[in-house]
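S.K.: Structure below; questions to follow.
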Amino acid sequence: MSIAEEKTAETKRGWSPLDSLQGLGATVLNFLASAGRLFRFTAQAIYHCFTPPFYPRLLLRQLIDIGYYSLPVVGMTALFTGMVLALQSYTGFSRFSAEGAVATVVVLSVTRELAPVLAGLMVAGRIGASIAAELGTMRVTEQIDALTTLSTNPFKYLVAPRLIAGTLMLPVLVLIADVIGVFGGYLVGVYKLGFAPENYLHKTWEYLTYDDVVSGLWKASAFGFIVTLMGCYNGYNSQRGAQGVGAAVTTAVVSSSILILITNYFLTQLFFAGK
Amino acid sequence: MTAQPKLELKDVTKSFGRNHVLRGVNISIEKGKSLVVIGGSGTGKSVMIKCVLGLLSPDKGSIKVDGVETAGATGKSRDELMKKFGMLFQGGALFDSLPIWENVGFGLMQGKGVSKEEARVVAIEKLRAVGLAPRVADLLPAELSGGMQKRVGLARAIAANPEIIFFDEPTTGLDPIMADVINDLIVETSKGLGATTLSITHDMASARKIADNIAMIYKGEIIWQGDAKDIDHSGNEYVDQFIKGSATGPIKMEV
């Protein structure tokens with residue numbers, strides 16, 4: 001019996017409660033299959049990051065693309081986040097005369113949460129989308145197949161440099177974003193809210209610990225891995241021409257953004273639970 | 001005693017879910033010969049070639065190169081095998097971000113460890129062999145016409161002097177004159193290297209020009225195989241309908 005005949009036969013049988021159960025089962029199986037494919041892709045990608053041949057020229061290009069060219073967007077995000085945070089915390093804290101905590105709130109929020117999460121999300125939009133589009137186009141134009149026929153492993157040539165660059169460069173970007181974010185808070189605090197510069201800086205350093213900064217950098221590294229992994233995974237498995245590439249880009253950005261937010265919760269719990 | 005085939009497929013099957021694309025494909029090509037597999041769209045031609053190249057794994061069956069089983073080969077044995085292969089993709093599949101000479105010399109630099117300088121010399125020599133001037137070497141693929149991209153694809157396929165070359169729809173998307181030029185180049189370069197070739201096409205003019213032998217695939221099975229000069233007297237109504245390009249006959253277009 002052909003597929004068309006089977007469908008006609010199903011239509012004739014009509015709907016039964018078992019059909020919805022079958023639908024639910026199919027959804028669960030699809031989800032498990034997708035999770036399995038992603039897990040397998042991740043394991044393969046990590047393996048190829050550590051086994052030769054390595055492509056230093058390609059890695060350097062990715063380091064520049066992900067790190068250097070993301071600086072403007074991440075820097076702007078951090079600057080205005082720090083400025084808004086100073087304004088908001090001042091107006092909120094002034095209700096119970098705690099304006100003195102503005103500098104501390106700005107530095108802790110930026111280093112622990114806002115710089116890594118917002119940088120991760122901005123890079124997901126900029127880099128995750130670009131990786132998915134590039135690899136997706138390479139997939140549908142058979143360039144990835146061509147790599148294989150030219151004795152080149154696409155995981156080593158395309159995926160590994162991007163994963164390594166994402167994992168290494170996000171912490172660098174976040175460290176810069178920390179400084180810019182605190183500077184944004186300082187600008188508003190000193191020039192708009194009237195704090196004394198030395199007093200604001202003193203408050204900034206007073207409660208800041210090594211762990212606050214380092215935890216943010218570890219988070220950034222995890223987010224960099226997630227963004228580049230989802231970009232590579234969706235682009236590499238892209239199908240059906242231009243429409244498929246578009247879908248791959250959307251899925252890469254949405255899935256990496258959601259994964260960043262979920263991972264952020266668990267990493268925060270890991271770093272700060274019980275402290 | 002019969003000579004050992006250079007490439008042999010026996011009972012190769014491949015399905016995607018309920019879609020049985022290859023249903024026991026059997027073909028064999030002698031060393032230095034050219035086999036062209038003809039067939040309509042969706043008959044399994046591309047899947048067959050991808051199974052041979054290791055881009056897809058067949059569900060069942062045997063794929064032998066020089067008498068050695070290659071179905072399921074991975075790692076180093078696959079790497080060694082790929083060094084024997086050259087492939088011209090339907091759309092060229094040139095790397096957009098690399099200049100033409102790096103595209104042509106890519107397999108030499110990555111697969112065989114040839115230096116950049118040496119690869120550039122070989123690339124320019126191969127570009128000349130397909131009728132392209134050395135000045136093309138530093139252009140990007142997007143700066144070339146479709147016909148020129150096809151030539152570059154051919155230059156890349158032959159750059160590492162492969163023993164077996166695969167051609168996937170080599171003339172698709174080209175005007176008849178450019179298609180004939182590409183056909184001539186395929187014959188010239190393959191014979192020049194003494195390479196064995198496996199091509200898939202639905203362009204009969206191309207098949208007649210480049211084939212020593214022709215096989216026809218229909219619904220995932222080889223339904224006829226013979227000498228290229230016998231194609232007009234195959235006695236097979238499916239082949240007759242296909243080569244005449246007739247809408248009436250045993251082959252029904254599924255719409």
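In the structure tokens, chains take the letters A, B, ... in the order shown, each chain's residues start at 1, and ligands count up from 1 in the order shown.
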Per residue of chain A within 9 Å of chain B, which atom pair is closest and at what distance in Å (one decimal), using only C-alpha atoms, listed by chain and increasing number, as a tab-separated table?
M.R.:
residue	atom	partner	partner_atom	distance
A:Ile3	CA	B:Arg18	CA	8.2
A:Met138	CA	B:Phe95	CA	8.0
A:Thr141	CA	B:Ala93	CA	5.8
A:Glu142	CA	B:Ala93	CA	5.4
A:Gln143	CA	B:Ala93	CA	4.8
A:Ile144	CA	B:Ala93	CA	8.4
A:Asp145	CA	B:Leu55	CA	6.9
A:Ala146	CA	B:Ala93	CA	6.4
A:Leu147	CA	B:Gly107	CA	8.4
A:Thr148	CA	B:Leu55	CA	7.7
A:Thr149	CA	B:Met82	CA	6.1
A:Leu150	CA	B:Gly107	CA	4.6
A:Ser151	CA	B:Gly111	CA	5.0
A:Thr152	CA	B:Gln110	CA	6.4
S.K.: Using DSSP on the backbone, list every residue of stretch 35-153 of chain B that comes out as strand (DSSP E or B), and give them as a PyMOL selection string.
M.R.: chain B and resi 35-38+60-65+68-69+85-88
S.K.: Keeping only N, CA, C and O atoms, write the selected residues to a file as a compact mmCIF listing (two decimals), in the first residue's frame.
M.R.:
# COMPACT_ATOMS: atom_id res chain seq x y z
N LEU B 35 31.13 5.29 -17.12
CA LEU B 35 29.74 4.85 -17.03
C LEU B 35 28.87 6.07 -16.73
O LEU B 35 29.16 6.84 -15.81
N VAL B 36 27.82 6.21 -17.51
CA VAL B 36 26.86 7.29 -17.23
C VAL B 36 25.55 6.65 -16.80
O VAL B 36 25.02 5.78 -17.49
N VAL B 37 25.05 7.06 -15.65
CA VAL B 37 23.75 6.57 -15.18
C VAL B 37 22.72 7.64 -15.51
O VAL B 37 22.84 8.79 -15.07
N ILE B 38 21.75 7.24 -16.33
CA ILE B 38 20.69 8.19 -16.70
C ILE B 38 19.43 7.86 -15.91
O ILE B 38 19.26 6.73 -15.43
N LYS B 60 22.18 -1.37 3.05
CA LYS B 60 22.59 -2.75 2.73
C LYS B 60 23.40 -2.73 1.45
O LYS B 60 23.30 -1.79 0.67
N GLY B 61 24.15 -3.77 1.22
CA GLY B 61 24.85 -3.91 -0.05
C GLY B 61 26.34 -3.64 0.06
O GLY B 61 26.85 -3.28 1.11
N SER B 62 27.00 -3.84 -1.07
CA SER B 62 28.45 -3.74 -1.10
C SER B 62 28.90 -2.70 -2.11
O SER B 62 28.35 -2.58 -3.20
N ILE B 63 29.90 -1.88 -1.70
CA ILE B 63 30.51 -0.91 -2.62
C ILE B 63 32.01 -1.18 -2.60
O ILE B 63 32.66 -0.95 -1.57
N LYS B 64 32.54 -1.71 -3.71
CA LYS B 64 33.96 -2.07 -3.74
C LYS B 64 34.73 -1.15 -4.68
O LYS B 64 34.30 -0.89 -5.79
N VAL B 65 35.89 -0.69 -4.20
CA VAL B 65 36.81 0.08 -5.04
C VAL B 65 38.10 -0.73 -5.12
O VAL B 65 38.67 -1.09 -4.09
N VAL B 68 38.17 -3.73 -2.93
CA VAL B 68 38.15 -3.56 -1.46
C VAL B 68 36.81 -2.97 -1.03
O VAL B 68 36.35 -1.97 -1.60
N GLU B 69 36.19 -3.61 -0.05
CA GLU B 69 34.90 -3.13 0.44
C GLU B 69 35.04 -1.74 1.08
O GLU B 69 35.93 -1.52 1.92
N PHE B 85 39.40 9.82 -5.13
CA PHE B 85 38.19 10.36 -5.76
C PHE B 85 38.32 11.83 -6.13
O PHE B 85 39.00 12.60 -5.47
N GLY B 86 37.62 12.19 -7.21
CA GLY B 86 37.41 13.59 -7.53
C GLY B 86 35.93 13.74 -7.83
O GLY B 86 35.28 12.79 -8.28
N MET B 87 35.37 14.91 -7.54
CA MET B 87 33.92 15.05 -7.71
C MET B 87 33.57 16.41 -8.28
O MET B 87 34.05 17.44 -7.78
N LEU B 88 32.77 16.42 -9.33
CA LEU B 88 32.22 17.67 -9.85
C LEU B 88 30.76 17.74 -9.43
O LEU B 88 29.95 16.90 -9.84
S.K.: Select, from A:Val227, A:Ser109, A:Tyr233, A:Gly184, the residue with the minimum atom-to-atom distance to A:Arg37, counting only C-alpha atoms.
M.R.: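 Of A:Val227, A:Ser109, A:Tyr233, A:Gly184, the one nearest A:Arg37 is A:Tyr233, counting only C-alpha atoms.
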S.K.: With only C-alpha atoms as the counted atoms, please give the residues lying no more than 12 Å from stretch 172-174 of chain B, apart from itself and same-chain residues fewer than 6 positions off, as a PDB file with all heavy atoms, in the first residue's frame.
M.R.:
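The result, written out as result_4.pdb:
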ATOM      1  N   LEU B  88      32.766  16.416  -9.331  1.00  0.00           N
ATOM      2  CA  LEU B  88      32.225  17.670  -9.847  1.00  0.00           C
ATOM      3  C   LEU B  88      30.756  17.743  -9.435  1.00  0.00           C
ATOM      4  O   LEU B  88      29.949  16.899  -9.844  1.00  0.00           O
ATOM      5  CB  LEU B  88      32.349  17.726 -11.379  1.00  0.00           C
ATOM      6  CG  LEU B  88      31.646  18.902 -12.068  1.00  0.00           C
ATOM      7  CD1 LEU B  88      32.193  20.240 -11.583  1.00  0.00           C
ATOM      8  CD2 LEU B  88      31.792  18.813 -13.582  1.00  0.00           C
ATOM      9  N   PHE B  89      30.439  18.715  -8.598  1.00  0.00           N
ATOM     10  CA  PHE B  89      29.065  18.846  -8.101  1.00  0.00           C
ATOM     11  C   PHE B  89      28.186  19.583  -9.106  1.00  0.00           C
ATOM     12  O   PHE B  89      28.674  20.393  -9.904  1.00  0.00           O
ATOM     13  CB  PHE B  89      29.060  19.596  -6.762  1.00  0.00           C
ATOM     14  CG  PHE B  89      29.557  18.759  -5.618  1.00  0.00           C
ATOM     15  CD1 PHE B  89      30.912  18.706  -5.329  1.00  0.00           C
ATOM     16  CD2 PHE B  89      28.688  18.014  -4.850  1.00  0.00           C
ATOM     17  CE1 PHE B  89      31.387  17.924  -4.296  1.00  0.00           C
ATOM     18  CE2 PHE B  89      29.145  17.231  -3.811  1.00  0.00           C
ATOM     19  CZ  PHE B  89      30.502  17.179  -3.530  1.00  0.00           C
ATOM     20  N   GLN B  90      26.887  19.305  -8.978  1.00  0.00           N
ATOM     21  CA  GLN B  90      25.913  19.882  -9.908  1.00  0.00           C
ATOM     22  C   GLN B  90      26.001  21.410  -9.976  1.00  0.00           C
ATOM     23  O   GLN B  90      26.047  21.994 -11.040  1.00  0.00           O
ATOM     24  CB  GLN B  90      24.513  19.466  -9.467  1.00  0.00           C
ATOM     25  CG  GLN B  90      23.432  19.854 -10.442  1.00  0.00           C
ATOM     26  CD  GLN B  90      22.082  19.308 -10.028  1.00  0.00           C
ATOM     27  OE1 GLN B  90      21.962  18.442  -9.188  1.00  0.00           O
ATOM     28  NE2 GLN B  90      21.045  19.827 -10.631  1.00  0.00           N
ATOM     29  N   GLY B  91      26.050  22.048  -8.804  1.00  0.00           N
ATOM     30  CA  GLY B  91      26.098  23.514  -8.785  1.00  0.00           C
ATOM     31  C   GLY B  91      27.519  24.046  -8.672  1.00  0.00           C
ATOM     32  O   GLY B  91      27.720  25.229  -8.424  1.00  0.00           O
ATOM     33  N   GLY B  92      28.502  23.197  -8.832  1.00  0.00           N
ATOM     34  CA  GLY B  92      29.902  23.602  -8.703  1.00  0.00           C
ATOM     35  C   GLY B  92      30.410  23.446  -7.286  1.00  0.00           C
ATOM     36  O   GLY B  92      31.494  22.953  -7.061  1.00  0.00           O
ATOM     37  N   SER B 145      30.951  33.420 -14.397  1.00  0.00           N
ATOM     38  CA  SER B 145      29.667  32.968 -14.933  1.00  0.00           C
ATOM     39  C   SER B 145      29.453  31.500 -14.554  1.00  0.00           C
ATOM     40  O   SER B 145      30.384  30.819 -14.088  1.00  0.00           O
ATOM     41  CB  SER B 145      29.691  33.090 -16.453  1.00  0.00           C
ATOM     42  OG  SER B 145      30.615  32.157 -16.979  1.00  0.00           O
ATOM     43  N   GLY B 146      28.221  30.994 -14.769  1.00  0.00           N
ATOM     44  CA  GLY B 146      27.904  29.602 -14.436  1.00  0.00           C
ATOM     45  C   GLY B 146      28.814  28.611 -15.148  1.00  0.00           C
ATOM     46  O   GLY B 146      29.307  27.651 -14.563  1.00  0.00           O
ATOM     47  N   GLY B 147      29.061  28.878 -16.442  1.00  0.00           N
ATOM     48  CA  GLY B 147      29.910  27.985 -17.226  1.00  0.00           C
ATOM     49  C   GLY B 147      31.344  27.978 -16.709  1.00  0.00           C
ATOM     50  O   GLY B 147      31.984  26.920 -16.612  1.00  0.00           O
ATOM     51  N   MET B 148      31.820  29.174 -16.346  1.00  0.00           N
ATOM     52  CA  MET B 148      33.194  29.258 -15.810  1.00  0.00           C
ATOM     53  C   MET B 148      33.281  28.562 -14.454  1.00  0.00           C
ATOM     54  O   MET B 148      34.276  27.893 -14.151  1.00  0.00           O
ATOM     55  CB  MET B 148      33.629  30.726 -15.700  1.00  0.00           C
ATOM     56  CG  MET B 148      33.903  31.372 -17.047  1.00  0.00           C
ATOM     57  SD  MET B 148      34.066  33.144 -16.877  1.00  0.00           S
ATOM     58  CE  MET B 148      35.828  33.319 -16.684  1.00  0.00           C
ATOM     59  N   GLN B 149      32.241  28.701 -13.652  1.00  0.00           N
ATOM     60  CA  GLN B 149      32.243  28.021 -12.343  1.00  0.00           C
ATOM     61  C   GLN B 149      32.288  26.501 -12.529  1.00  0.00           C
ATOM     62  O   GLN B 149      32.949  25.792 -11.786  1.00  0.00           O
ATOM     63  CB  GLN B 149      30.993  28.409 -11.547  1.00  0.00           C
ATOM     64  CG  GLN B 149      31.045  29.829 -11.033  1.00  0.00           C
ATOM     65  CD  GLN B 149      29.931  30.145 -10.045  1.00  0.00           C
ATOM     66  OE1 GLN B 149      29.271  29.265  -9.527  1.00  0.00           O
ATOM     67  NE2 GLN B 149      29.715  31.420  -9.807  1.00  0.00           N
ATOM     68  N   LYS B 150      31.570  26.035 -13.549  1.00  0.00           N
ATOM     69  CA  LYS B 150      31.579  24.597 -13.839  1.00  0.00           C
ATOM     70  C   LYS B 150      32.999  24.154 -14.227  1.00  0.00           C
ATOM     71  O   LYS B 150      33.467  23.084 -13.832  1.00  0.00           O
ATOM     72  CB  LYS B 150      30.620  24.363 -14.980  1.00  0.00           C
ATOM     73  CG  LYS B 150      29.585  23.299 -14.964  1.00  0.00           C
ATOM     74  CD  LYS B 150      28.994  22.787 -13.768  1.00  0.00           C
ATOM     75  CE  LYS B 150      27.870  21.879 -13.966  1.00  0.00           C
ATOM     76  NZ  LYS B 150      26.621  22.118 -13.402  1.00  0.00           N
ATOM     77  N   ARG B 151      33.665  24.977 -15.006  1.00  0.00           N
ATOM     78  CA  ARG B 151      35.046  24.655 -15.402  1.00  0.00           C
ATOM     79  C   ARG B 151      35.967  24.615 -14.180  1.00  0.00           C
ATOM     80  O   ARG B 151      36.828  23.745 -14.078  1.00  0.00           O
ATOM     81  CB  ARG B 151      35.577  25.706 -16.382  1.00  0.00           C
ATOM     82  CG  ARG B 151      34.953  25.647 -17.751  1.00  0.00           C
ATOM     83  CD  ARG B 151      35.630  26.668 -18.626  1.00  0.00           C
ATOM     84  NE  ARG B 151      34.879  26.918 -19.843  1.00  0.00           N
ATOM     85  CZ  ARG B 151      35.435  27.047 -21.037  1.00  0.00           C
ATOM     86  NH1 ARG B 151      36.730  26.951 -21.175  1.00  0.00           N
ATOM     87  NH2 ARG B 151      34.700  27.275 -22.092  1.00  0.00           N
ATOM     88  N   ASP B 180      28.246  21.468 -24.294  1.00  0.00           N
ATOM     89  CA  ASP B 180      29.089  20.646 -25.162  1.00  0.00           C
ATOM     90  C   ASP B 180      30.569  20.862 -24.850  1.00  0.00           C
ATOM     91  O   ASP B 180      31.368  19.918 -24.870  1.00  0.00           O
ATOM     92  CB  ASP B 180      28.786  20.979 -26.631  1.00  0.00           C
ATOM     93  CG  ASP B 180      29.224  19.847 -27.542  1.00  0.00           C
ATOM     94  OD1 ASP B 180      28.900  18.680 -27.222  1.00  0.00           O
ATOM     95  OD2 ASP B 180      29.922  20.118 -28.534  1.00  0.00           O
ATOM     96  N   VAL B 181      30.913  22.127 -24.550  1.00  0.00           N
ATOM     97  CA  VAL B 181      32.305  22.436 -24.183  1.00  0.00           C
ATOM     98  C   VAL B 181      32.680  21.653 -22.914  1.00  0.00           C
ATOM     99  O   VAL B 181      33.755  21.041 -22.837  1.00  0.00           O
ATOM    100  CB  VAL B 181      32.469  23.961 -23.945  1.00  0.00           C
ATOM    101  CG1 VAL B 181      33.829  24.271 -23.337  1.00  0.00           C
ATOM    102  CG2 VAL B 181      32.284  24.723 -25.246  1.00  0.00           C
ATOM    103  N   ILE B 182      31.775  21.648 -21.929  1.00  0.00           N
ATOM    104  CA  ILE B 182      32.045  20.938 -20.673  1.00  0.00           C
ATOM    105  C   ILE B 182      32.159  19.431 -20.939  1.00  0.00           C
ATOM    106  O   ILE B 182      33.052  18.756 -20.415  1.00  0.00           O
ATOM    107  CB  ILE B 182      30.932  21.238 -19.629  1.00  0.00           C
ATOM    108  CG1 ILE B 182      30.945  22.714 -19.233  1.00  0.00           C
ATOM    109  CG2 ILE B 182      31.062  20.338 -18.395  1.00  0.00           C
ATOM    110  CD1 ILE B 182      32.148  23.180 -18.435  1.00  0.00           C
ATOM    111  N   ASN B 183      31.274  18.908 -21.794  1.00  0.00           N
ATOM    112  CA  ASN B 183      31.355  17.478 -22.137  1.00  0.00           C
ATOM    113  C   ASN B 183      32.707  17.128 -22.744  1.00  0.00           C
ATOM    114  O   ASN B 183      33.329  16.125 -22.391  1.00  0.00           O
ATOM    115  CB  ASN B 183      30.247  17.103 -23.124  1.00  0.00           C
ATOM    116  CG  ASN B 183      28.892  17.082 -22.458  1.00  0.00           C
ATOM    117  OD1 ASN B 183      28.800  16.837 -21.247  1.00  0.00           O
ATOM    118  ND2 ASN B 183      27.850  17.339 -23.213  1.00  0.00           N
ATOM    119  N   ILE B 200      26.209  11.005 -13.440  1.00  0.00           N
ATOM    120  CA  ILE B 200      24.754  10.876 -13.433  1.00  0.00           C
ATOM    121  C   ILE B 200      24.190  12.090 -14.151  1.00  0.00           C
ATOM    122  O   ILE B 200      24.663  13.208 -13.975  1.00  0.00           O
ATOM    123  CB  ILE B 200      24.182  10.771 -11.999  1.00  0.00           C
ATOM    124  CG1 ILE B 200      24.612  11.933 -11.125  1.00  0.00           C
ATOM    125  CG2 ILE B 200      24.557   9.455 -11.373  1.00  0.00           C
ATOM    126  CD1 ILE B 200      23.976  11.945  -9.761  1.00  0.00           C
ATOM    127  N   THR B 201      23.232  11.854 -14.997  1.00  0.00           N
ATOM    128  CA  THR B 201      22.667  12.969 -15.774  1.00  0.00           C
ATOM    129  C   THR B 201      21.293  12.594 -16.309  1.00  0.00           C
ATOM    130  O   THR B 201      20.927  11.420 -16.362  1.00  0.00           O
ATOM    131  CB  THR B 201      23.598  13.343 -16.950  1.00  0.00           C
ATOM    132  OG1 THR B 201      23.105  14.505 -17.586  1.00  0.00           O
ATOM    133  CG2 THR B 201      23.706  12.233 -17.974  1.00  0.00           C
ATOM    134  N   HIS B 202      20.518  13.620 -16.688  1.00  0.00           N
ATOM    135  CA  HIS B 202      19.320  13.316 -17.483  1.00  0.00           C
ATOM    136  C   HIS B 202      19.437  13.992 -18.848  1.00  0.00           C
ATOM    137  O   HIS B 202      18.485  14.060 -19.591  1.00  0.00           O
ATOM    138  CB  HIS B 202      18.034  13.698 -16.757  1.00  0.00           C
ATOM    139  CG  HIS B 202      18.067  15.027 -16.081  1.00  0.00           C
ATOM    140  ND1 HIS B 202      18.251  16.190 -16.758  1.00  0.00           N
ATOM    141  CD2 HIS B 202      17.947  15.354 -14.779  1.00  0.00           C
ATOM    142  CE1 HIS B 202      18.228  17.196 -15.903  1.00  0.00           C
ATOM    143  NE2 HIS B 202      18.063  16.722 -14.687  1.00  0.00           N
ATOM    144  N   ASP B 203      20.657  14.472 -19.135  1.00  0.00           N
ATOM    145  CA  ASP B 203      20.913  15.112 -20.420  1.00  0.00           C
ATOM    146  C   ASP B 203      21.490  14.060 -21.363  1.00  0.00           C
ATOM    147  O   ASP B 203      22.632  13.625 -21.230  1.00  0.00           O
ATOM    148  CB  ASP B 203      21.911  16.262 -20.172  1.00  0.00           C
ATOM    149  CG  ASP B 203      22.380  16.928 -21.452  1.00  0.00           C
ATOM    150  OD1 ASP B 203      21.908  16.520 -22.541  1.00  0.00           O
ATOM    151  OD2 ASP B 203      23.215  17.844 -21.372  1.00  0.00           O
ATOM    152  N   MET B 204      20.679  13.629 -22.342  1.00  0.00           N
ATOM    153  CA  MET B 204      21.094  12.532 -23.222  1.00  0.00           C
ATOM    154  C   MET B 204      22.271  12.923 -24.120  1.00  0.00           C
ATOM    155  O   MET B 204      23.117  12.089 -24.433  1.00  0.00           O
ATOM    156  CB  MET B 204      19.913  12.064 -24.091  1.00  0.00           C
ATOM    157  CG  MET B 204      18.960  11.149 -23.366  1.00  0.00           C
ATOM    158  SD  MET B 204      19.787   9.828 -22.437  1.00  0.00           S
ATOM    159  CE  MET B 204      20.623   8.941 -23.725  1.00  0.00           C
ATOM    160  N   ALA B 205      22.319  14.218 -24.516  1.00  0.00           N
ATOM    161  CA  ALA B 205      23.442  14.652 -25.364  1.00  0.00           C
ATOM    162  C   ALA B 205      24.751  14.474 -24.593  1.00  0.00           C
ATOM    163  O   ALA B 205      25.754  13.998 -25.153  1.00  0.00           O
ATOM    164  CB  ALA B 205      23.247  16.111 -25.754  1.00  0.00           C
ATOM    165  N   SER B 206      24.706  14.811 -23.323  1.00  0.00           N
ATOM    166  CA  SER B 206      25.891  14.664 -22.472  1.00  0.00           C
ATOM    167  C   SER B 206      26.242  13.183 -22.310  1.00  0.00           C
ATOM    168  O   SER B 206      27.403  12.783 -22.430  1.00  0.00           O
ATOM    169  CB  SER B 206      25.604  15.320 -21.118  1.00  0.00           C
ATOM    170  OG  SER B 206      26.657  15.106 -20.238  1.00  0.00           O
TER     171      SER B 206
END
S.K.: Give the alpha helix (DSSP H) residues of stretch 2-250 of chain B, as assigned by DSSP on the backbone, as an MDAnalysis selection string.
M.R.: chainID B and resid 45:53 75:82 100:111 116:129 146:158 176:193 204:210 237:244
S.K.: Leaving out stretch 39-47 of chain A and any residue of its chain fewer than 3 positions from it, which residues lie within 7 Å of it when counting only C-alpha atoms, given as JSON, numbers by chain?
M.R.: {"A": [35, 36, 50, 51, 155, 159, 160]}
S.K.: Work out how far apart atom CA of A:Val74 and atom CA of A:Ala177 are and give it in Å to one decimal.
M.R.: 6.6 Å
S.K.: Taking only C-alpha atoms into account, which of B:Ala207, B:Leu132, B:Leu193, B:Leu22 comes nearest B:Ile164?
M.R.: B:Leu193
S.K.: Name the closest residue to B:Ala195 among the candidates B:Ile177, B:Ile165, B:Cys51, B:Ile27; distances are taken between atoms, counting only C-alpha atoms.
M.R.: B:Ile165
S.K.: Please provide as a VMD selection string all residues within 10 Å of A:Thr81, with the sequence filter that same-chain residues fewer than 6 positions apart are discarded (counting only C-alpha atoms).
M.R.: chain A and resid 75 87 106 109 to 110 114 to 115 118 177 180 to 182 184 to 185
